[in-house]
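Dumped entry34.cif below, it's mmCIF, C-alpha atoms:
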```
data_coords
loop_
_atom_site.label_atom_id
_atom_site.label_comp_id
_atom_site.auth_asym_id
_atom_site.auth_seq_id
_atom_site.Cartn_x
_atom_site.Cartn_y
_atom_site.Cartn_z
CA MET A 230 1.45 -1.73 18.56
CA LYS A 231 4.60 0.19 17.73
CA TYR A 232 4.69 3.51 15.90
CA ARG A 233 7.03 5.20 13.43
CA THR A 234 7.27 8.73 12.07
CA LEU A 235 5.88 9.20 8.56
CA GLY A 236 8.82 11.10 7.13
CA LYS A 237 8.77 14.88 7.18
CA THR A 238 5.06 14.95 8.12
CA GLY A 239 6.08 14.30 11.73
CA VAL A 240 2.96 12.16 12.15
CA LYS A 241 3.35 8.98 14.21
CA VAL A 242 1.66 6.07 12.44
CA SER A 243 1.29 2.44 13.46
CA GLU A 244 3.85 0.05 11.97
CA ILE A 245 0.96 -2.06 10.73
CA SER A 246 -1.76 0.08 9.20
CA LEU A 247 -4.86 -0.93 7.26
CA GLY A 248 -5.22 -1.07 3.49
CA THR A 249 -8.88 -0.85 2.47
CA TRP A 250 -9.03 -1.91 -1.18
CA GLN A 251 -11.12 -4.95 -0.21
CA LEU A 252 -12.62 -3.47 2.97
CA GLY A 253 -15.78 -5.31 4.00
CA GLY A 254 -15.68 -7.72 1.07
CA LYS A 255 -13.45 -9.82 -1.15
CA TRP A 256 -11.84 -8.43 -4.26
CA GLY A 257 -14.48 -8.15 -6.95
CA GLU A 258 -17.38 -8.19 -4.48
CA GLY A 259 -19.31 -5.31 -2.99
CA LEU A 260 -18.68 -3.78 0.40
CA ASN A 261 -20.64 -5.16 3.36
CA PRO A 262 -21.14 -2.12 5.65
CA ASP A 263 -21.40 -4.17 8.85
CA VAL A 264 -18.23 -6.15 8.13
CA ALA A 265 -16.45 -2.96 7.09
CA ARG A 266 -17.36 -1.29 10.37
CA GLU A 267 -16.28 -4.34 12.41
CA THR A 268 -12.98 -4.48 10.51
CA LEU A 269 -12.23 -0.81 11.13
CA LYS A 270 -13.12 -1.22 14.82
CA GLN A 271 -10.85 -4.24 15.17
CA ALA A 272 -8.04 -2.20 13.64
CA THR A 273 -8.40 0.72 16.06
CA ASP A 274 -8.87 -1.63 19.02
CA LEU A 275 -5.47 -3.15 18.22
CA GLY A 276 -3.74 0.22 18.01
CA ILE A 277 -3.83 0.80 14.25
CA ASN A 278 -4.10 4.55 13.72
CA CYS A 279 -3.65 4.81 9.95
CA PHE A 280 -6.03 3.80 7.16
CA ASP A 281 -5.10 3.76 3.47
CA THR A 282 -7.86 4.14 0.91
CA ALA A 283 -8.54 5.57 -2.55
CA ASP A 284 -11.40 7.15 -4.46
CA VAL A 285 -11.69 4.01 -6.61
CA TYR A 286 -11.77 1.42 -3.80
CA GLN A 287 -15.07 -0.42 -3.56
CA GLU A 288 -16.58 2.07 -6.02
CA GLN A 289 -15.92 4.93 -3.55
CA GLN A 290 -17.63 3.08 -0.70
CA SER A 291 -14.33 2.52 1.12
CA GLU A 292 -13.92 6.27 1.68
CA ILE A 293 -17.54 6.62 2.76
CA ALA A 294 -17.26 3.76 5.27
CA ILE A 295 -14.11 5.26 6.78
CA GLY A 296 -15.73 8.70 6.99
CA GLN A 297 -18.77 7.32 8.79
CA PHE A 298 -16.65 5.26 11.17
CA ASN A 299 -14.24 8.05 12.05
CA LYS A 300 -17.00 10.55 12.73
CA ALA A 301 -17.85 8.84 16.00
CA LEU A 302 -14.25 8.71 17.24
CA LYS A 303 -12.67 11.30 19.50
CA VAL A 304 -9.16 10.42 18.34
CA LYS A 305 -9.35 9.85 14.62
CA PRO A 306 -6.95 7.67 12.58
CA PHE A 307 -4.69 9.32 10.02
CA VAL A 308 -6.31 8.70 6.63
CA ILE A 309 -4.29 8.41 3.42
CA THR A 310 -6.39 8.54 0.27
CA LYS A 311 -5.38 8.42 -3.38
CA MET A 312 -6.64 10.09 -6.54
CA GLY A 313 -6.20 9.98 -10.28
CA ARG A 314 -7.30 6.49 -11.28
CA ARG A 315 -10.85 7.67 -11.95
CA LEU A 316 -9.55 9.42 -15.06
CA ASN A 317 -10.74 7.77 -18.26
CA PRO A 318 -8.52 7.74 -20.16
CA HIS A 319 -5.86 7.71 -17.47
CA THR A 320 -3.39 10.13 -19.07
CA ALA A 321 -0.88 12.68 -17.84
CA ASP A 322 -2.99 15.49 -19.29
CA GLY A 323 -5.76 14.50 -16.89
CA TYR A 324 -3.58 15.52 -13.96
CA ASN A 325 -4.58 19.17 -14.28
CA GLU A 326 -5.62 21.65 -11.61
CA GLU A 327 -9.34 21.34 -12.27
CA ASN A 328 -9.41 17.53 -12.07
CA LEU A 329 -7.11 17.30 -9.06
CA ARG A 330 -9.17 19.85 -7.15
CA SER A 331 -12.40 18.05 -7.99
CA PHE A 332 -10.95 14.72 -6.81
CA ILE A 333 -9.83 16.28 -3.53
CA ASP A 334 -13.21 17.94 -2.97
CA ALA A 335 -15.05 14.69 -3.68
CA SER A 336 -12.86 12.75 -1.24
CA ARG A 337 -13.32 15.43 1.41
CA LYS A 338 -17.07 15.02 1.04
CA ARG A 339 -17.00 11.21 1.20
CA LEU A 340 -14.61 11.18 4.17
CA ASP A 341 -16.69 13.95 5.78
CA VAL A 342 -13.72 16.23 6.52
CA ASN A 343 -12.73 19.76 5.60
CA GLN A 344 -9.08 18.82 5.12
CA LEU A 345 -7.60 15.54 3.91
CA ASP A 346 -4.81 14.16 6.13
CA MET A 347 -2.80 12.97 3.16
CA VAL A 348 -3.53 12.53 -0.53
CA LEU A 349 -1.36 10.56 -2.95
CA LEU A 350 -1.33 10.72 -6.73
CA HIS A 351 -2.47 7.20 -7.54
CA CYS A 352 0.17 5.58 -9.74
CA PRO A 353 0.09 8.38 -12.32
CA PRO A 354 1.52 7.95 -15.83
CA ARG A 355 5.31 8.27 -15.99
CA GLU A 356 5.05 11.64 -17.78
CA VAL A 357 3.51 13.26 -14.69
CA TYR A 358 6.85 13.12 -12.87
CA ASP A 359 8.32 15.38 -15.55
CA ARG A 360 5.63 18.03 -15.04
CA PRO A 361 6.63 20.28 -12.12
CA GLN A 362 3.35 22.16 -12.40
CA VAL A 363 1.47 19.13 -11.06
CA PHE A 364 3.46 19.29 -7.84
CA LYS A 365 3.07 23.08 -7.67
CA TRP A 366 -0.69 22.55 -7.72
CA MET A 367 -0.35 20.06 -4.87
CA ASP A 368 1.69 22.64 -2.94
CA GLN A 369 -1.07 25.15 -3.64
CA PHE A 370 -3.78 22.83 -2.31
CA LYS A 371 -1.75 22.39 0.85
CA GLN A 372 -1.41 26.15 1.26
CA GLU A 373 -5.16 26.51 0.79
CA GLY A 374 -5.70 24.05 3.62
CA ILE A 375 -7.75 21.45 1.75
CA ILE A 376 -4.97 18.87 2.25
CA LYS A 377 -2.42 18.57 5.07
CA HIS A 378 0.16 16.43 3.31
CA TYR A 379 0.72 14.85 -0.09
CA GLY A 380 2.83 12.30 -1.91
CA VAL A 381 2.63 9.67 -4.62
CA SER A 382 1.86 6.00 -5.01
CA ILE A 383 4.26 4.51 -7.55
CA GLU A 384 4.81 1.47 -9.73
CA THR A 385 8.58 1.66 -10.25
CA VAL A 386 11.66 2.58 -8.26
CA GLU A 387 12.56 5.03 -11.04
CA GLU A 388 9.29 6.90 -10.46
CA GLY A 389 10.01 7.03 -6.74
CA MET A 390 13.47 8.47 -7.27
CA LYS A 391 12.03 11.13 -9.56
CA ALA A 392 9.23 11.96 -7.12
CA MET A 393 11.75 12.58 -4.36
CA THR A 394 13.27 15.45 -6.36
CA TYR A 395 10.13 17.47 -5.52
CA PRO A 396 10.48 18.93 -1.99
CA GLY A 397 6.74 18.89 -1.38
CA VAL A 398 6.50 15.10 -1.66
CA GLU A 399 6.29 13.91 1.94
CA ALA A 400 5.59 10.21 1.44
CA ILE A 401 5.80 7.55 -1.24
CA GLU A 402 3.72 4.40 -1.41
CA ILE A 403 5.62 1.53 -3.02
CA ILE A 404 5.38 -2.23 -3.52
CA TYR A 405 8.07 -3.87 -1.39
CA ASN A 406 8.03 -7.42 -0.11
CA MET A 407 9.97 -10.69 -0.13
CA PHE A 408 9.15 -11.00 -3.84
CA ARG A 409 10.02 -7.37 -4.67
CA LEU A 410 13.46 -6.56 -3.30
CA LYS A 411 14.59 -3.92 -5.78
CA PRO A 412 13.66 -1.02 -3.42
CA GLU A 413 16.46 -2.22 -1.12
CA GLU A 414 19.14 -1.24 -3.65
CA VAL A 415 18.79 2.56 -3.64
CA PHE A 416 15.23 3.69 -3.00
CA LEU A 417 14.86 2.97 0.72
CA ASP A 418 18.17 4.54 1.71
CA THR A 419 17.41 7.62 -0.39
CA ALA A 420 13.98 8.00 1.21
CA LYS A 421 15.56 7.78 4.66
CA GLU A 422 18.19 10.37 3.71
CA LYS A 423 15.56 12.78 2.38
CA ASN A 424 13.18 12.07 5.28
CA VAL A 425 10.42 10.93 2.92
CA GLY A 426 7.89 8.57 4.49
CA VAL A 427 7.67 5.08 2.99
CA ILE A 428 4.25 3.40 2.90
CA VAL A 429 4.53 -0.22 1.79
CA ARG A 430 1.66 -1.65 -0.23
CA VAL A 431 1.04 -5.17 -1.60
CA PRO A 432 3.21 -6.47 1.28
CA LEU A 433 1.84 -10.01 0.97
CA ALA A 434 1.98 -10.14 -2.84
CA SER A 435 -1.83 -10.26 -3.15
CA GLY A 436 -1.97 -13.02 -0.55
CA LEU A 437 0.65 -15.24 -2.16
CA LEU A 438 3.02 -14.62 0.76
CA THR A 439 0.45 -15.73 3.33
CA GLY A 440 1.32 -19.33 2.52
CA LYS A 441 -2.36 -20.25 2.32
CA TYR A 442 -2.65 -20.81 -1.43
CA ASN A 443 -1.84 -23.74 -3.69
CA LEU A 444 -2.25 -24.71 -7.35
CA ASP A 445 -5.87 -25.69 -6.71
CA THR A 446 -6.88 -22.36 -5.15
CA LYS A 447 -9.69 -20.69 -7.10
CA PHE A 448 -10.19 -16.93 -7.28
CA GLY A 449 -13.48 -15.26 -8.11
CA LYS A 450 -14.34 -14.12 -11.63
CA ASN A 451 -14.06 -10.46 -10.65
CA ASP A 452 -10.95 -10.92 -8.51
CA HIS A 453 -7.87 -9.30 -10.09
CA ARG A 454 -5.87 -12.39 -9.05
CA ASN A 455 -7.94 -14.21 -11.65
CA TYR A 456 -8.15 -11.71 -14.50
CA ASN A 457 -5.00 -9.55 -14.23
CA ARG A 458 -2.13 -12.01 -13.94
CA ASP A 459 -0.67 -10.79 -17.22
CA GLY A 460 -1.65 -7.17 -16.79
CA GLN A 461 -4.86 -7.35 -18.83
CA ALA A 462 -6.58 -4.64 -16.75
CA PHE A 463 -3.74 -2.69 -15.07
CA ASP A 464 -0.05 -3.03 -14.24
CA LYS A 465 0.58 -6.72 -13.61
CA GLY A 466 2.93 -5.80 -10.78
CA GLU A 467 -0.18 -5.11 -8.69
CA THR A 468 -1.18 -8.79 -8.91
CA PHE A 469 1.05 -11.23 -7.00
CA SER A 470 3.72 -8.50 -7.31
CA GLY A 471 4.09 -9.56 -10.94
CA VAL A 472 5.35 -13.01 -9.96
CA ASP A 473 4.25 -16.10 -11.88
CA TYR A 474 1.78 -17.83 -9.58
CA ALA A 475 3.21 -21.36 -9.81
CA LEU A 476 6.78 -20.11 -9.43
CA GLY A 477 5.73 -18.00 -6.46
CA LEU A 478 4.27 -21.06 -4.75
CA LYS A 479 7.62 -22.84 -5.02
CA ALA A 480 9.37 -19.87 -3.44
CA VAL A 481 6.76 -19.77 -0.66
CA GLU A 482 7.45 -23.40 0.21
CA SER A 483 11.14 -22.59 0.54
CA LEU A 484 10.37 -19.63 2.79
CA LYS A 485 8.18 -21.81 5.01
CA LYS A 486 11.11 -24.17 5.55
CA VAL A 487 13.46 -21.32 6.44
CA PHE A 488 11.09 -19.87 9.04
CA GLN A 489 9.56 -23.24 10.05
CA THR A 490 5.96 -22.09 9.77
CA GLU A 491 2.88 -22.54 7.62
CA ASP A 492 1.60 -19.08 8.55
CA LEU A 493 3.95 -16.92 6.51
CA ALA A 494 1.98 -13.64 6.63
CA PRO A 495 3.39 -12.24 9.89
CA ILE A 496 6.90 -13.26 8.79
CA ALA A 497 6.49 -11.47 5.46
CA LEU A 498 5.30 -8.30 7.21
CA LYS A 499 8.11 -8.46 9.76
CA TYR A 500 10.65 -8.70 6.95
CA ILE A 501 9.43 -5.38 5.53
CA LEU A 502 9.53 -3.74 8.95
CA SER A 503 13.13 -4.89 9.35
CA HIS A 504 14.16 -1.93 7.18
CA ASP A 505 14.12 1.25 9.25
CA ALA A 506 13.31 3.44 6.24
CA VAL A 507 9.81 1.93 6.20
CA SER A 508 7.23 4.08 7.99
CA THR A 509 4.26 1.74 7.81
CA VAL A 510 2.95 -1.37 6.05
CA ILE A 511 -0.63 -1.48 4.78
CA PRO A 512 -1.83 -5.08 4.41
CA GLY A 513 -5.45 -5.30 3.40
CA ALA A 514 -8.21 -6.92 5.39
CA SER A 515 -11.69 -7.87 4.29
CA LYS A 516 -12.73 -8.97 7.78
CA PRO A 517 -11.58 -8.53 11.41
CA GLU A 518 -9.74 -11.86 11.64
CA HIS A 519 -7.25 -10.77 9.01
CA ILE A 520 -6.08 -7.88 11.20
CA LEU A 521 -5.33 -10.23 14.10
CA SER A 522 -2.96 -12.13 11.82
CA ASN A 523 -1.35 -8.97 10.46
CA VAL A 524 -0.50 -7.43 13.84
CA LYS A 525 1.35 -10.58 14.92
CA ALA A 526 4.24 -9.19 12.90
CA THR A 527 4.93 -6.59 15.60
CA THR A 528 5.58 -9.31 18.19
CA ILE A 529 8.13 -11.34 16.18
CA ASP A 530 11.79 -11.20 17.18
CA ASP A 531 14.27 -9.68 14.75
CA PHE A 532 15.49 -12.09 12.10
CA SER A 533 18.98 -13.55 12.19
CA GLN A 534 21.42 -12.66 9.42
CA ALA A 535 21.13 -16.25 8.18
CA GLN A 536 17.38 -15.83 7.78
CA MET A 537 17.77 -12.52 5.96
CA ASP A 538 20.35 -14.09 3.66
CA ALA A 539 18.00 -16.99 2.99
CA VAL A 540 15.24 -14.63 1.85
CA LYS A 541 17.67 -13.01 -0.59
CA SER A 542 18.83 -16.42 -1.84
CA ILE A 543 15.26 -17.60 -2.48
CA TYR A 544 14.48 -14.34 -4.28
CA ASP A 545 17.56 -14.73 -6.47
CA LYS A 546 16.72 -18.35 -7.26
CA TYR A 547 13.02 -18.08 -8.07
CA ILE A 548 11.97 -14.47 -8.53
CA LYS A 549 14.65 -12.01 -9.57
CA ASP A 550 15.07 -12.89 -13.26
CA THR A 551 11.40 -12.33 -14.04
CA VAL A 552 10.54 -9.21 -12.03
CA HIS A 553 13.60 -7.27 -10.89
CA HIS A 554 14.15 -5.35 -14.13
CA LEU A 555 10.47 -4.40 -14.56
CA TRP A 556 9.79 -2.33 -11.45
#
```
Turn the structure described in the file into structure tokens.
Amino acid sequence: MKYRTLGKTGVKVSEISLGTWQLGGKWGEGLNPDVARETLKQATDLGINCFDTADVYQEQQSEIAIGQFNKALKVKPFVITKMGRRLNPHTADGYNEENLRSFIDASRKRLDVNQLDMVLLHCPPREVYDRPQVFKWMDQFKQEGIIKHYGVSIETVEEGMKAMTYPGVEAIEIIYNMFRLKPEEVFLDTAKEKNVGVIVRVPLASGLLTGKYNLDTKFGKNDHRNYNRDGQAFDKGETFSGVDYALGLKAVESLKKVFQTEDLAPIALKYILSHDAVSTVIPGASKPEHILSNVKATTIDDFSQAQMDAVKSIYDKYIKDTVHHLW
């Protein structure tokens, strides 16, 4: 495993980290504690030292599983958790001192720690970025010692650019992959210039970029890849990166030809890591085998310029017109 510095935090995190939205179970299914524990162990055995979670993942069980697992370790992974999506309604007014403190305290309890390594505002409403007081509260929580570091998880490049105007923001979690190239225009270079860590989520476009799916693939009733393709439940950019499923499959076939492989997942992860502004990538894993596939990305040789150009060409042909302007 190779490691990179997470922006101004100074923390060294594994290039491939672990996203735990579907930890120990498929999307829409409950968490299996035994599988969750085996998955976390596989991750640490392979050198992964950073877990990404949230207080809404697996109905809070993801945080609990990580807390129980880490308690037995002498050297504990760096844990990034997120807060805000439990608000109902999810409005900017809900991002007040009382709610934020209660979310932090609840996550501390579930993760069984006195101080959270890093907490991110979890894709807050756009209005939050125009409320400096929210970020002053986060600075206050850091001064109190209940969090070590903080940042934001975002939907759009515009939100990321705004977030970076606040000095206390140490990392930004963003969707960036072969089907979401807009961050390459300005965002990534700005983050590098400001020494803000970049955590890449949805790196495989909800599995579409693994190359394992086809038009006959069926997703479970409670799987967001089934019910949220048009944003019925939350931002559609979270599902297949907002890409039309059938169109995405055509682009995947073109990518397979360029890289001469049926196993596209490591290639897709390597592409993200090709940009030196990226601190870490957080592909999810519901079982140990998935992590073995993910870490292959660290062993792949750098891409040729022709391969990089081909990715851009495929994006321009199939993807750009429908997604580029939205996020």
Using all atoms listed in the file, I'd like a table of the residues in segment 474-515 of chain A that come within 9 Å of segment 406-409 of chain A; for each, show the closest atom pair and its distance in Å rounded to one decimal, ordered by chain and ascending number, as a Markdown table.
```
| residue | atom | partner | partner_atom | distance |
| --- | --- | --- | --- | --- |
| A:Gly477 | CA | A:Phe408 | CA | 8.2 |
| A:Ala480 | CA | A:Phe408 | CA | 8.9 |
| A:Ala497 | CA | A:Met407 | CA | 6.6 |
| A:Leu498 | CA | A:Asn406 | CA | 7.9 |
| A:Tyr500 | CA | A:Met407 | CA | 7.4 |
| A:Ile501 | CA | A:Asn406 | CA | 6.2 |
```
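Among the candidates A:Asn278, A:Thr310, A:Met393, A:Glu292, the one nearest to Ala420 of chain A when counting all atoms listed in the file is A:Met393.
Restricting the calculation to all atoms listed in the file, the smallest distance between Tyr395 of chain A and any of A:Ile333, A:Val427, A:Val540, A:Met367 is found for A:Met367.
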Counting all atoms listed in the file, which residue out of A:Met312, A:Glu373, A:Tyr324, A:Val381 sits closest to Arg360 of chain A? A:Tyr324
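Using all atoms listed in the file, the contacts of Lys411 of chain A at a cut-off of 10 Å, with sequence neighbours closer than 2 positions omitted, comprise Thr385, Val386, Ile404, Tyr405, Asn406, Met407, Phe408, Arg409, Glu413, Glu414, Val415, Phe416, Leu417, Lys549, Val552, His553, His554, Leu555 and Trp556 of chain A.
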On this structure, the PyMOL selection byres ((chain A and resi 263) around 12) would catch which residues? List them as a list in words, sorted by chain and number. Leu252, Gly253, Gly254, Leu260, Asn261, Pro262, Val264, Ala265, Arg266, Glu267, Thr268, Leu269, Lys270, Ala294, Gln297, Phe298, Ser515, Lys516 and Pro517 of chain A
Give the answer as one residue: which of A:Val487, A:Ala514, A:Ala506, A:Ala539 has the shortest atom-to-atom distance to Val425 of chain A, using all atoms listed in the file? A:Ala506
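For the atom pair formed by atom CA of Lys231 of chain A and atom CA of Ile529 of chain A, the distance is 12.2 Å, given to one decimal.
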Would you compute the box with edges along x, y and z of the file around segment 275-290 of chain A, including every atom the file lists for it and 3 Å extra on each side, and give its centre and edge lengths in Å to one decimal, as AutoDock Vina command-line options?
```
--center_x -10.6 --center_y 2.0 --center_z 5.8 --size_x 20.0 --size_y 16.3 --size_z 30.8
```
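Atom to atom, atom CA of Pro353 of chain A and atom CA of Thr234 of chain A stand 25.4 Å apart.
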